[in-house]
Structures are given as C-alpha cells and as structure tokens.
There are 4 protein chains.
Amino acid sequence: MPSEFRLRRRVQFYETDAAGMVHFSWFFRYMEEAEHALWREAGLSIHPPDSDIGWPRVAASFDFHRALTFEQEFDVWLRIAELTKRTIRYSCLVSQGDTRIATGRLVIACVRRRLDRMEAMEIPPEIAARFQVATD
Amino acid sequence: MPSEFRLRRRVQFYETDAAGMVHFSWFFRYMEEAEHALWREAGLSIHPPDSDIGWPRVAASFDFHRALTFEQEFDVWLRIAELTKRTIRYSCLVSQGDTRIATGRLVIACVRRRLDRMEAMEIPPEIAARFQVATD
Amino acid sequence: MPSEFRLRRRVQFYETDAAGMVHFSWFFRYMEEAEHALWREAGLSIHPPDSDIGWPRVAASFDFHRALTFEQEFDVWLRIAELTKRTIRYSCLVSQGDTRIATGRLVIACVRRRLDRMEAMEIPPEIAARFQVATD
Amino acid sequence: MPSEFRLRRRVQFYETDAAGMVHFSWFFRYMEEAEHALWREAGLSIHPPDSDIGWPRVAASFDFHRALTFEQEFDVWLRIAELTKRTIRYSCLVSQGDTRIATGRLVIACVRRRLDRMEAMEIPPEIAARFQVATD
C-alpha cells in the first residue's frame, strides 16, 4: 500500500516562459503527474476508461521558493497527508537535491459523474484500501 | 453561411517560452480557437455535450515567418479552403497588420464516436449546409 | 489607479481534459491573464522587453467549487488585496453570473533579475503608485 | 554522431481533451521533446543559458492516424532527414508497437538573436559536426 511517490522529471522547453524559467502553472501539472504515478503504483488508474467515478480537484496550492530552468532535472515528492471518507489530501515537495524549489498541497474528492453534474460520494473501500497515509 | 473567421488575439505570458517568443505549438491552438469561433458564427458547436459526432484533426501544419512576443496583438484569419463529403480543410493566416507571422493548414474529418473507437462518416447535411468554401 | 480587473473569458477546447471539464491548472493561467490585463489598465506591462525587473510568483492557490466546460463563458475578477513594500497579493473569483466557480489567491514579489539569479527588491515607487488596494 | 532518437513517453492527463484523447497540439511538443533529447545525446543543449544562437521553428506538420488516450505509452522516433548549411529537417513517427499514431516533420533554422530580431546564420561547424543524417 503506497503512501508516496517520487517522480524524477526534466524541464521541457515548452514549460518555460519569457522570464526564462518554468511557468508557475506547470508545478500543478508536475504534482498531478506524480499523483497519477502514485495511483499506478497502487495498481489503479485515476481515470479508467469505463468508470463513472471521478476525482475533481477541490483545492490546490503552491509556495514557490526557487526557479527551475530549461533542461534542469528535479524531483517531485508526493505524499498522502490525509485520507478521509470522501477526500484525499496530498503534500508535495519539488526539489533539486537538498534545495527546495516549491512546496504544494492538493485535495481531491470522490464523485460519481452523472450526465450533467457530479455527486459527492464516499471513496470506494477497494480504492481506499490501496493507499495509506505517509508517516514521518 | 460563413466561410471564414477573423480572430483578434493577444499573446498571453504562458504562451511564451525561454526564447522570449510564442512557443510554436501555440499557433495550432490559435488556429483551433478561430475554427471554433467560426463554428459558433455558423450557429454550431464543434463539440456539443450530447453528440456522438466528433471532428478529429487529420492533418495540421504551419510555416513560421516571424515571431510573436508577450502582449502583442495579432489576427488569426481562418478560411474554409475545401469541403468534401467527409472532411473540411481550412487555411489560416496569422498576421500583424500587413506582416505575415505564420501560415497554416488544418484538415478535420467527421466521425461517429463509438465506445472505444471512431468510425468515419459523411458530414451530416445540416452541418455541411452551415458552411461554404471561401472564394478569393 | 485601478485596484481590480474583470476579465470575460470563454473556455477553449484545449483547456478541457478527458473528464470533460477545464483542467484545474488553467485557473492559474486565467488568474494571470486577469493580472496582466490589470497591469495594462494601469498603463504598465508586467514584463517589458527592456527591463531587468521581474515579478516571480511567490504563492498561488485555488479552491474549486464547480466545473467549467467547453465554450462556457465566465468571469475572472481579480482584486489587489494587499500591497507591501516588496509584494502584491491578489484575490480572485472565477464565476458565472451568481455562481462561484473557483476562488484564488496569488502573491508576487518584485525582484531584480541578475545573470543567473533573482534579487528581492522594493517595488519601484512609479509602479506602486499605479495601483491601489481594493476596498469592499 | 547521433542521427535519431527514440523517446518512450506516457500520456499525461493534462494532455487529453474533452474528446477523451490527446489534443493534437501536444504532438508538436512530443516531437520537440525528442528533438531536445537528441541534442543532449549529441552532447549539446539547443538553448544553452549563455548563447545568442537560437533555433526557431520554420515549419512543422503532423498527419494524425490514430488517437492516444490517457496513460497510454507510446514512442516518438525522431530522425534527421536533412542537414543544410542553415537548417535541420527532422522526420518523426509517433507509434505504439507496430501501430502508427502520427507522422510529423519539423524544420528548424539557425539564427543569431539580436536585441529585437533574429538574423539567419550558418550552423556553426562544431554543432553540425555533432549530427548526421539518418540513413534507411
């Protein structure tokens, strides 16, 4: 039962902006990449082709400490900080070696997708059983 | 029955890259923005919520003549170059005043979306009737 | 001296994801679009071609209340919540009519860009004088 | 002296659109990812921090044969098709096993970046010497 995932990643050119660094919106995508890799590690897909269960993002944030530039390698360390009946909260550290680049937070909720809306639901036990909260 | 659309657009910061100009992948999105605006002009949505008809891109290309930079305004002029039974071909000019920035081409095909695949189909007459080929 | 900006925007197709709604990373770009429009309203560019002053993002967050889907129109209401010697804090509401879609927050800092690093600096008075804090 | 690069890649969620497949604009980014990996393989960066040489895209195209969906793995095979005094032309095949997903083409030119414009120049011999044209 995984509780965290470490993703090694390299900055792509299209992720940089005219200030010469990674555009801040990309950190949210890096965090989600690590999340989906964590789910695969748990033997799951967060968006299987034939499912009506969805995981919309409820809240997302980042504090930015340093810049990343083209072709730099970095790590995205995603941890499950909290598991409730209906939500999962992750904490995230983007770093290069000992240097903290950015620290993030992501909360997702479990929903059933209806034709034109989403309905909050409890996380199915067979999914909840695949994860555990990270301990320090 | 519209045959073309002119979109006025401004370069957003997240569209620029570390070379200080718009990343080339964005021109394909600009072209598609103009396409969808053309469809709205024709009273249609290219992706209505309740339809199983889709319009995958069959071919797309751009020749790039000059760069665009942050906050510059530019025009995207999309024209219907050809209408066949199953496809629509557009030509596209991105410009600033008399200066040609890029010239593009886009071909889309009509498909019925099945559970796990797409099936080529003829363009429904009620859609084809909404457009006409641009004349010089 | 503007203290806020309201941006009217339409969801583009490339902003949607396989769950059929706008990918959450786009809200951070919407917020930044409104920010740069606010700066233009103040007679400024946040990234002039010939300047060594930069405005890196220090913190960014969103709480997501509802989904946006393809071609929907929405508003991005950005307000200056705080102006300090070295930072600007914005609050942001994404909405459709009376419906709250998402609420965000963005903090930026003023830096001088050196060859290989950024150096915190006070906001130049001629820039600070162009803005004011929004009042309720 | 490398003449080609094969990149193994997985579809990320933010690369999909509301039609449930990878948005076509991403293929141009996949192609560029493979290009930059090829340059690294040749011991080069296409955008070193301290260089005034740039490589703007002159032309880019893709023909799309099949769709890619979330989490699928695929290969991007980039080959140097032509090396002229001032340009490099690549051909690109995106595939899954024996299935062709898309075939692309990219032409880049060598320029010296001046303050406010780009000036065509011959490819420096120390760069040209690092690559060779792919043979069948």
# chains A, B, ... in the order shown; residues from 1 in each chain; ligands from 1
>>> closest_atom_pairs(of="chain A", to="chain C", cutoff="12 Å", atoms="only C-alpha atoms", output="CSV")
residue,atom,partner,partner_atom,distance
A:Asp17,CA,C:His47,CA,11.0
A:Ala18,CA,C:His47,CA,8.5
A:Ala19,CA,C:Gly54,CA,7.7
A:Gly20,CA,C:Asp116,CA,10.3
A:Met21,CA,C:Pro56,CA,9.6
A:Val22,CA,C:Pro56,CA,10.5
A:His23,CA,C:Arg57,CA,9.2
A:Phe24,CA,C:Arg57,CA,7.0
A:Ser25,CA,C:Ser25,CA,5.9
A:Trp26,CA,C:Ser25,CA,7.5
A:Phe27,CA,C:Ser25,CA,8.7
A:Phe28,CA,C:Ser25,CA,6.0
A:Arg29,CA,C:Ser25,CA,6.7
A:Tyr30,CA,C:Ser25,CA,10.2
A:Met31,CA,C:Ser25,CA,10.4
A:Glu32,CA,C:Ser25,CA,9.6
A:Ile46,CA,C:Ala19,CA,10.7
A:His47,CA,C:Ala19,CA,8.0
A:Pro48,CA,C:Ala18,CA,10.5
A:Pro49,CA,C:Ala18,CA,9.6
A:Asp50,CA,C:Ala19,CA,11.9
A:Ser51,CA,C:Ala19,CA,10.8
A:Asp52,CA,C:Ala19,CA,9.9
A:Ile53,CA,C:Ala19,CA,10.1
A:Gly54,CA,C:Ala19,CA,7.7
A:Trp55,CA,C:Ala19,CA,9.2
A:Pro56,CA,C:Phe24,CA,8.6
A:Arg57,CA,C:Phe64,CA,6.8
A:Val58,CA,C:Phe64,CA,5.0
A:Ala59,CA,C:Asp63,CA,4.3
A:Ala60,CA,C:Phe62,CA,5.6
A:Ser61,CA,C:Ser61,CA,4.0
A:Phe62,CA,C:Ala60,CA,5.5
A:Asp63,CA,C:Ala59,CA,4.3
A:Phe64,CA,C:Val58,CA,5.0
A:His65,CA,C:Val58,CA,7.0
A:Arg66,CA,C:Val58,CA,9.1
A:Ala67,CA,C:Pro56,CA,8.6
A:Leu68,CA,C:Arg117,CA,10.9
A:Thr69,CA,C:Asp116,CA,10.4
A:Ile101,CA,C:Val58,CA,11.1
A:Ala102,CA,C:Ala59,CA,9.3
A:Thr103,CA,C:Ala59,CA,9.5
A:Gly104,CA,C:Ser61,CA,9.3
A:Arg105,CA,C:Ser61,CA,9.1
A:Leu106,CA,C:Ser61,CA,9.7
A:Val107,CA,C:Asp63,CA,9.3
A:Ile108,CA,C:Phe64,CA,10.0
A:Ala109,CA,C:Phe64,CA,10.8
A:Val111,CA,C:Ala19,CA,11.7
A:Arg112,CA,C:Ala19,CA,11.7
A:Arg113,CA,C:Ala19,CA,9.2
A:Arg114,CA,C:Ala19,CA,11.7
A:Leu115,CA,C:Gly20,CA,11.0
A:Asp116,CA,C:Gly20,CA,10.3
A:Arg117,CA,C:Ala67,CA,8.7
A:Met118,CA,C:Ala67,CA,9.1
A:Glu119,CA,C:Arg66,CA,11.3
>>> calpha_fit_and_write(fixed="chain D", moving="chain C", output="compact mmCIF listing (two decimals) with N, CA and C atoms, in the first residue's frame")
# COMPACT_ATOMS: atom_id res chain seq x y z
N MET C 1 28.11 10.30 -33.43
CA MET C 1 27.26 11.32 -34.03
C MET C 1 25.86 10.77 -34.22
N PRO C 2 24.95 11.11 -33.32
CA PRO C 2 23.60 10.54 -33.43
C PRO C 2 22.85 11.13 -34.63
N SER C 3 21.95 10.33 -35.18
CA SER C 3 21.12 10.77 -36.30
C SER C 3 19.63 10.62 -35.95
N GLU C 4 19.35 10.06 -34.78
CA GLU C 4 17.96 9.82 -34.42
C GLU C 4 17.83 9.62 -32.92
N PHE C 5 16.61 9.70 -32.45
CA PHE C 5 16.36 9.44 -31.03
C PHE C 5 14.98 8.82 -30.89
N ARG C 6 14.90 7.84 -29.98
CA ARG C 6 13.62 7.22 -29.67
C ARG C 6 13.24 7.57 -28.24
N LEU C 7 12.12 8.23 -28.10
CA LEU C 7 11.65 8.67 -26.80
C LEU C 7 10.45 7.83 -26.40
N ARG C 8 10.51 7.23 -25.22
CA ARG C 8 9.36 6.51 -24.69
C ARG C 8 8.61 7.47 -23.77
N ARG C 9 7.31 7.54 -23.93
CA ARG C 9 6.54 8.57 -23.25
C ARG C 9 5.20 8.01 -22.83
N ARG C 10 4.60 8.58 -21.80
CA ARG C 10 3.27 8.19 -21.39
C ARG C 10 2.35 9.41 -21.47
N VAL C 11 1.11 9.21 -21.88
CA VAL C 11 0.15 10.32 -21.98
C VAL C 11 -0.21 10.82 -20.58
N GLN C 12 -0.03 12.10 -20.35
CA GLN C 12 -0.44 12.72 -19.10
C GLN C 12 -1.88 13.21 -19.19
N PHE C 13 -2.52 13.31 -18.03
CA PHE C 13 -3.94 13.68 -18.04
C PHE C 13 -4.18 15.06 -18.64
N TYR C 14 -3.28 16.00 -18.32
CA TYR C 14 -3.46 17.38 -18.81
C TYR C 14 -3.23 17.48 -20.32
N GLU C 15 -2.79 16.40 -20.95
CA GLU C 15 -2.61 16.40 -22.40
C GLU C 15 -3.87 15.95 -23.15
N THR C 16 -4.83 15.43 -22.39
CA THR C 16 -6.08 14.98 -23.01
C THR C 16 -7.07 16.14 -23.10
N ASP C 17 -8.08 15.96 -23.95
CA ASP C 17 -9.12 16.98 -24.08
C ASP C 17 -10.50 16.35 -23.88
N ALA C 18 -11.53 17.15 -24.02
CA ALA C 18 -12.89 16.68 -23.73
C ALA C 18 -13.36 15.61 -24.71
N ALA C 19 -12.64 15.38 -25.80
CA ALA C 19 -12.98 14.26 -26.68
C ALA C 19 -12.34 12.97 -26.17
N GLY C 20 -11.60 13.06 -25.05
CA GLY C 20 -11.06 11.87 -24.40
C GLY C 20 -9.73 11.40 -24.97
N MET C 21 -9.12 12.21 -25.81
CA MET C 21 -7.85 11.80 -26.41
C MET C 21 -6.83 12.94 -26.29
N VAL C 22 -5.60 12.66 -26.65
CA VAL C 22 -4.57 13.69 -26.60
C VAL C 22 -4.91 14.80 -27.59
N HIS C 23 -4.87 16.04 -27.13
CA HIS C 23 -5.10 17.18 -28.01
C HIS C 23 -3.98 17.26 -29.04
N PHE C 24 -4.34 17.51 -30.28
CA PHE C 24 -3.35 17.41 -31.38
C PHE C 24 -2.15 18.34 -31.20
N SER C 25 -2.33 19.44 -30.49
CA SER C 25 -1.20 20.36 -30.31
C SER C 25 -0.05 19.72 -29.54
N TRP C 26 -0.37 18.68 -28.76
CA TRP C 26 0.66 18.03 -27.96
C TRP C 26 1.66 17.25 -28.79
N PHE C 27 1.25 16.77 -29.94
CA PHE C 27 2.19 16.00 -30.76
C PHE C 27 3.39 16.86 -31.16
N PHE C 28 3.16 18.15 -31.35
CA PHE C 28 4.27 19.03 -31.70
C PHE C 28 5.23 19.17 -30.51
N ARG C 29 4.69 19.10 -29.32
CA ARG C 29 5.54 19.15 -28.12
C ARG C 29 6.28 17.83 -27.92
N TYR C 30 5.59 16.73 -28.22
CA TYR C 30 6.27 15.43 -28.13
C TYR C 30 7.46 15.41 -29.08
N MET C 31 7.23 15.91 -30.31
CA MET C 31 8.30 15.92 -31.31
C MET C 31 9.46 16.76 -30.81
N GLU C 32 9.17 17.90 -30.20
CA GLU C 32 10.23 18.77 -29.70
C GLU C 32 10.95 18.14 -28.50
N GLU C 33 10.23 17.44 -27.66
CA GLU C 33 10.88 16.72 -26.56
C GLU C 33 11.93 15.76 -27.10
N ALA C 34 11.55 15.02 -28.14
CA ALA C 34 12.49 14.08 -28.73
C ALA C 34 13.67 14.81 -29.36
N GLU C 35 13.41 15.95 -29.98
CA GLU C 35 14.49 16.74 -30.58
C GLU C 35 15.51 17.16 -29.51
N HIS C 36 15.02 17.66 -28.40
CA HIS C 36 15.95 18.15 -27.37
C HIS C 36 16.71 17.00 -26.72
N ALA C 37 16.06 15.85 -26.65
CA ALA C 37 16.75 14.66 -26.15
C ALA C 37 17.84 14.22 -27.13
N LEU C 38 17.57 14.36 -28.41
CA LEU C 38 18.57 14.05 -29.43
C LEU C 38 19.78 14.98 -29.29
N TRP C 39 19.52 16.25 -29.07
CA TRP C 39 20.62 17.20 -28.89
C TRP C 39 21.44 16.87 -27.64
N ARG C 40 20.76 16.50 -26.57
CA ARG C 40 21.51 16.10 -25.36
C ARG C 40 22.36 14.88 -25.65
N GLU C 41 21.79 13.92 -26.40
CA GLU C 41 22.53 12.73 -26.82
C GLU C 41 23.79 13.12 -27.60
N ALA C 42 23.70 14.22 -28.34
CA ALA C 42 24.85 14.71 -29.11
C ALA C 42 25.77 15.56 -28.26
N GLY C 43 25.46 15.67 -26.97
CA GLY C 43 26.32 16.46 -26.07
C GLY C 43 26.04 17.95 -26.10
N LEU C 44 24.87 18.31 -26.60
CA LEU C 44 24.53 19.73 -26.77
C LEU C 44 23.22 20.06 -26.07
N SER C 45 23.05 21.35 -25.79
CA SER C 45 21.74 21.87 -25.43
C SER C 45 21.28 22.75 -26.57
N ILE C 46 20.01 22.66 -26.92
CA ILE C 46 19.51 23.52 -28.01
C ILE C 46 19.31 24.94 -27.54
N HIS C 47 19.34 25.16 -26.25
CA HIS C 47 19.12 26.51 -25.70
C HIS C 47 20.01 26.71 -24.47
N PRO C 48 21.33 26.81 -24.69
CA PRO C 48 22.22 26.99 -23.53
C PRO C 48 22.00 28.37 -22.92
N PRO C 49 22.22 28.49 -21.61
CA PRO C 49 21.91 29.74 -20.90
C PRO C 49 22.63 30.95 -21.47
N ASP C 50 23.84 30.77 -21.98
CA ASP C 50 24.70 31.91 -22.28
C ASP C 50 24.95 32.10 -23.77
N SER C 51 24.04 31.61 -24.60
CA SER C 51 24.29 31.65 -26.04
C SER C 51 23.36 32.64 -26.73
N ASP C 52 23.83 33.26 -27.81
CA ASP C 52 22.95 34.13 -28.59
C ASP C 52 22.50 33.43 -29.88
N ILE C 53 22.78 32.14 -29.96
CA ILE C 53 22.31 31.37 -31.11
C ILE C 53 20.96 30.75 -30.78
N GLY C 54 20.05 30.84 -31.71
CA GLY C 54 18.72 30.29 -31.50
C GLY C 54 18.31 29.39 -32.65
N TRP C 55 17.26 28.61 -32.43
CA TRP C 55 16.80 27.63 -33.42
C TRP C 55 15.30 27.72 -33.60
N PRO C 56 14.82 28.83 -34.16
CA PRO C 56 13.37 28.93 -34.37
C PRO C 56 12.86 27.87 -35.34
N ARG C 57 11.63 27.50 -35.11
CA ARG C 57 10.96 26.53 -35.96
C ARG C 57 10.50 27.23 -37.22
N VAL C 58 10.83 26.68 -38.37
CA VAL C 58 10.48 27.27 -39.66
C VAL C 58 9.20 26.64 -40.20
N ALA C 59 9.02 25.36 -39.95
CA ALA C 59 7.83 24.65 -40.43
C ALA C 59 7.62 23.43 -39.55
N ALA C 60 6.37 23.11 -39.32
CA ALA C 60 6.03 21.93 -38.52
C ALA C 60 4.72 21.36 -39.02
N SER C 61 4.64 20.05 -39.12
CA SER C 61 3.39 19.44 -39.57
C SER C 61 3.23 18.04 -38.98
N PHE C 62 1.98 17.62 -38.90
CA PHE C 62 1.67 16.25 -38.48
C PHE C 62 0.47 15.75 -39.28
N ASP C 63 0.56 14.48 -39.64
CA ASP C 63 -0.62 13.75 -40.10
C ASP C 63 -1.00 12.80 -38.97
N PHE C 64 -2.27 12.80 -38.64
CA PHE C 64 -2.74 12.02 -37.49
C PHE C 64 -3.49 10.79 -37.98
N HIS C 65 -3.05 9.62 -37.52
CA HIS C 65 -3.66 8.38 -37.99
C HIS C 65 -4.58 7.75 -36.95
N ARG C 66 -4.18 7.82 -35.69
CA ARG C 66 -4.98 7.23 -34.62
C ARG C 66 -4.89 8.11 -33.37
N ALA C 67 -5.78 7.87 -32.42
CA ALA C 67 -5.79 8.66 -31.20
C ALA C 67 -4.94 8.02 -30.11
N LEU C 68 -4.46 8.84 -29.21
CA LEU C 68 -3.82 8.37 -27.98
C LEU C 68 -4.73 8.77 -26.82
N THR C 69 -4.81 7.91 -25.82
CA THR C 69 -5.64 8.24 -24.66
C THR C 69 -4.84 8.18 -23.36
N PHE C 70 -5.44 8.67 -22.31
CA PHE C 70 -4.80 8.81 -21.00
C PHE C 70 -4.02 7.57 -20.57
N GLU C 71 -2.82 7.78 -20.18
CA GLU C 71 -1.92 6.79 -19.60
C GLU C 71 -1.35 5.79 -20.61
N GLN C 72 -1.75 5.90 -21.86
CA GLN C 72 -1.13 5.02 -22.86
C GLN C 72 0.35 5.36 -23.00
N GLU C 73 1.13 4.33 -23.27
CA GLU C 73 2.54 4.55 -23.56
C GLU C 73 2.73 4.55 -25.07
N PHE C 74 3.68 5.33 -25.51
CA PHE C 74 3.93 5.42 -26.95
C PHE C 74 5.39 5.81 -27.17
N ASP C 75 5.80 5.72 -28.43
CA ASP C 75 7.17 6.06 -28.79
C ASP C 75 7.20 7.21 -29.77
N VAL C 76 8.18 8.04 -29.60
CA VAL C 76 8.41 9.14 -30.54
C VAL C 76 9.79 8.90 -31.15
N TRP C 77 9.77 8.65 -32.44
CA TRP C 77 11.02 8.33 -33.14
C TRP C 77 11.36 9.49 -34.06
N LEU C 78 12.38 10.23 -33.66
CA LEU C 78 12.78 11.42 -34.41
C LEU C 78 14.05 11.14 -35.17
N ARG C 79 14.08 11.49 -36.45
CA ARG C 79 15.27 11.24 -37.27
C ARG C 79 15.68 12.52 -38.00
N ILE C 80 16.95 12.71 -38.19
CA ILE C 80 17.43 13.83 -38.99
C ILE C 80 17.30 13.44 -40.46
N ALA C 81 16.43 14.14 -41.18
CA ALA C 81 16.16 13.79 -42.58
C ALA C 81 17.04 14.59 -43.52
N GLU C 82 17.45 15.77 -43.07
CA GLU C 82 18.27 16.63 -43.93
C GLU C 82 19.03 17.63 -43.08
N LEU C 83 20.27 17.86 -43.46
CA LEU C 83 21.11 18.89 -42.82
C LEU C 83 21.60 19.82 -43.93
N THR C 84 21.17 21.08 -43.91
CA THR C 84 21.70 22.03 -44.88
C THR C 84 22.61 23.02 -44.14
N LYS C 85 23.12 23.99 -44.84
CA LYS C 85 24.01 24.96 -44.20
C LYS C 85 23.32 25.73 -43.08
N ARG C 86 22.03 25.95 -43.25
CA ARG C 86 21.33 26.81 -42.30
C ARG C 86 20.15 26.14 -41.61
N THR C 87 19.79 24.95 -42.02
CA THR C 87 18.59 24.34 -41.46
C THR C 87 18.80 22.86 -41.13
N ILE C 88 17.94 22.36 -40.26
CA ILE C 88 17.87 20.92 -39.97
C ILE C 88 16.41 20.51 -40.18
N ARG C 89 16.24 19.41 -40.89
CA ARG C 89 14.89 18.88 -41.07
C ARG C 89 14.80 17.53 -40.41
N TYR C 90 13.78 17.35 -39.58
CA TYR C 90 13.54 16.08 -38.90
C TYR C 90 12.29 15.42 -39.47
N SER C 91 12.28 14.11 -39.44
CA SER C 91 11.02 13.39 -39.63
C SER C 91 10.70 12.69 -38.32
N CYS C 92 9.43 12.45 -38.09
CA CYS C 92 9.01 11.95 -36.78
C CYS C 92 7.89 10.93 -36.92
N LEU C 93 8.01 9.84 -36.21
CA LEU C 93 6.94 8.85 -36.17
C LEU C 93 6.53 8.63 -34.72
N VAL C 94 5.26 8.85 -34.44
CA VAL C 94 4.69 8.51 -33.13
C VAL C 94 3.97 7.19 -33.30
N SER C 95 4.30 6.22 -32.46
CA SER C 95 3.73 4.89 -32.66
C SER C 95 3.51 4.17 -31.34
N GLN C 96 2.70 3.11 -31.41
CA GLN C 96 2.53 2.16 -30.31
C GLN C 96 2.78 0.79 -30.92
N GLY C 97 3.92 0.20 -30.58
CA GLY C 97 4.27 -1.06 -31.23
C GLY C 97 4.29 -0.86 -32.73
N ASP C 98 3.53 -1.68 -33.45
CA ASP C 98 3.52 -1.58 -34.91
C ASP C 98 2.48 -0.59 -35.43
N THR C 99 1.74 0.01 -34.53
CA THR C 99 0.66 0.91 -34.95
C THR C 99 1.16 2.33 -35.08
N ARG C 100 0.98 2.89 -36.27
CA ARG C 100 1.37 4.27 -36.49
C ARG C 100 0.30 5.21 -35.94
N ILE C 101 0.69 6.09 -35.07
CA ILE C 101 -0.25 7.04 -34.47
C ILE C 101 -0.23 8.35 -35.25
N ALA C 102 0.95 8.82 -35.57
CA ALA C 102 1.07 10.12 -36.26
C ALA C 102 2.45 10.20 -36.88
N THR C 103 2.53 10.93 -38.01
CA THR C 103 3.80 11.14 -38.68
C THR C 103 4.02 12.64 -38.85
N GLY C 104 5.20 13.09 -38.45
CA GLY C 104 5.44 14.53 -38.44
C GLY C 104 6.72 14.93 -39.12
N ARG C 105 6.91 16.23 -39.17
CA ARG C 105 8.01 16.84 -39.88
C ARG C 105 8.27 18.18 -39.21
N LEU C 106 9.54 18.48 -39.04
CA LEU C 106 9.92 19.72 -38.36
C LEU C 106 11.16 20.27 -39.04
N VAL C 107 11.15 21.55 -39.37
CA VAL C 107 12.32 22.22 -39.93
C VAL C 107 12.70 23.36 -39.02
N ILE C 108 13.96 23.40 -38.63
CA ILE C 108 14.44 24.50 -37.78
C ILE C 108 15.59 25.20 -38.51
N ALA C 109 15.79 26.48 -38.17
CA ALA C 109 16.84 27.27 -38.79
C ALA C 109 17.74 27.84 -37.70
N CYS C 110 18.97 28.08 -38.06
CA CYS C 110 19.94 28.65 -37.12
C CYS C 110 19.93 30.17 -37.25
N VAL C 111 19.80 30.85 -36.12
CA VAL C 111 19.80 32.32 -36.14
C VAL C 111 20.68 32.86 -35.01
N ARG C 112 21.16 34.07 -35.23
CA ARG C 112 21.76 34.82 -34.14
C ARG C 112 20.68 35.74 -33.59
N ARG C 113 20.50 35.70 -32.29
CA ARG C 113 19.47 36.53 -31.68
C ARG C 113 20.04 37.90 -31.33
N ARG C 114 19.56 38.92 -31.98
CA ARG C 114 19.94 40.29 -31.66
C ARG C 114 18.92 40.86 -30.68
N LEU C 115 19.15 42.10 -30.28
CA LEU C 115 18.27 42.69 -29.26
C LEU C 115 16.79 42.52 -29.61
N ASP C 116 16.42 42.83 -30.82
CA ASP C 116 15.00 42.87 -31.12
C ASP C 116 14.65 42.08 -32.38
N ARG C 117 15.59 41.27 -32.84
CA ARG C 117 15.27 40.50 -34.03
C ARG C 117 16.19 39.29 -34.11
N MET C 118 15.97 38.44 -35.10
CA MET C 118 16.80 37.26 -35.33
C MET C 118 17.41 37.38 -36.72
N GLU C 119 18.65 36.93 -36.86
CA GLU C 119 19.39 37.06 -38.10
C GLU C 119 19.83 35.66 -38.53
N ALA C 120 19.42 35.26 -39.73
CA ALA C 120 19.79 33.92 -40.20
C ALA C 120 21.30 33.77 -40.24
N MET C 121 21.79 32.61 -39.86
CA MET C 121 23.24 32.37 -39.91
C MET C 121 23.49 30.92 -40.27
N GLU C 122 24.72 30.62 -40.67
CA GLU C 122 25.07 29.23 -40.95
C GLU C 122 25.22 28.47 -39.64
N ILE C 123 24.89 27.21 -39.69
CA ILE C 123 25.05 26.38 -38.50
C ILE C 123 26.53 26.29 -38.16
N PRO C 124 26.93 26.65 -36.94
CA PRO C 124 28.35 26.58 -36.57
C PRO C 124 28.87 25.16 -36.79
N PRO C 125 30.09 25.02 -37.35
CA PRO C 125 30.62 23.69 -37.68
C PRO C 125 30.69 22.77 -36.46
N GLU C 126 30.97 23.32 -35.28
CA GLU C 126 31.08 22.47 -34.09
C GLU C 126 29.72 21.90 -33.68
N ILE C 127 28.65 22.52 -34.16
CA ILE C 127 27.33 21.94 -33.92
C ILE C 127 27.00 20.95 -35.04
N ALA C 128 27.20 21.37 -36.27
CA ALA C 128 26.88 20.49 -37.41
C ALA C 128 27.63 19.16 -37.30
N ALA C 129 28.85 19.22 -36.76
CA ALA C 129 29.69 18.02 -36.67
C ALA C 129 29.15 16.99 -35.69
N ARG C 130 28.21 17.42 -34.84
CA ARG C 130 27.68 16.51 -33.84
C ARG C 130 26.53 15.65 -34.33
N PHE C 131 26.03 15.95 -35.51
CA PHE C 131 24.86 15.25 -36.01
C PHE C 131 25.16 14.61 -37.37
N GLN C 132 24.36 13.64 -37.73
CA GLN C 132 24.43 13.16 -39.10
C GLN C 132 23.03 12.78 -39.56
N VAL C 133 22.87 12.75 -40.88
CA VAL C 133 21.58 12.41 -41.46
C VAL C 133 21.31 10.92 -41.28
N ALA C 134 20.11 10.58 -40.92
CA ALA C 134 19.73 9.18 -40.74
C ALA C 134 19.63 8.49 -42.10
N THR C 135 20.09 7.27 -42.16
CA THR C 135 20.00 6.50 -43.41
C THR C 135 19.01 5.37 -43.21
N ASP C 136 18.39 4.94 -44.30
CA ASP C 136 17.34 3.92 -44.15
C ASP C 136 17.90 2.50 -44.04
>>> select_by_dssp(residues="range 6-96 of chain A", states="strand (DSSP E)", output="NGL selection string")
:A and (6-10 or 53-54 or 57-64 or 73-83 or 87-96)
>>> select_by_dssp(residues="chain C", states="alpha helix (DSSP H)", output="ChimeraX atom specification")
/C:25-41,125-128
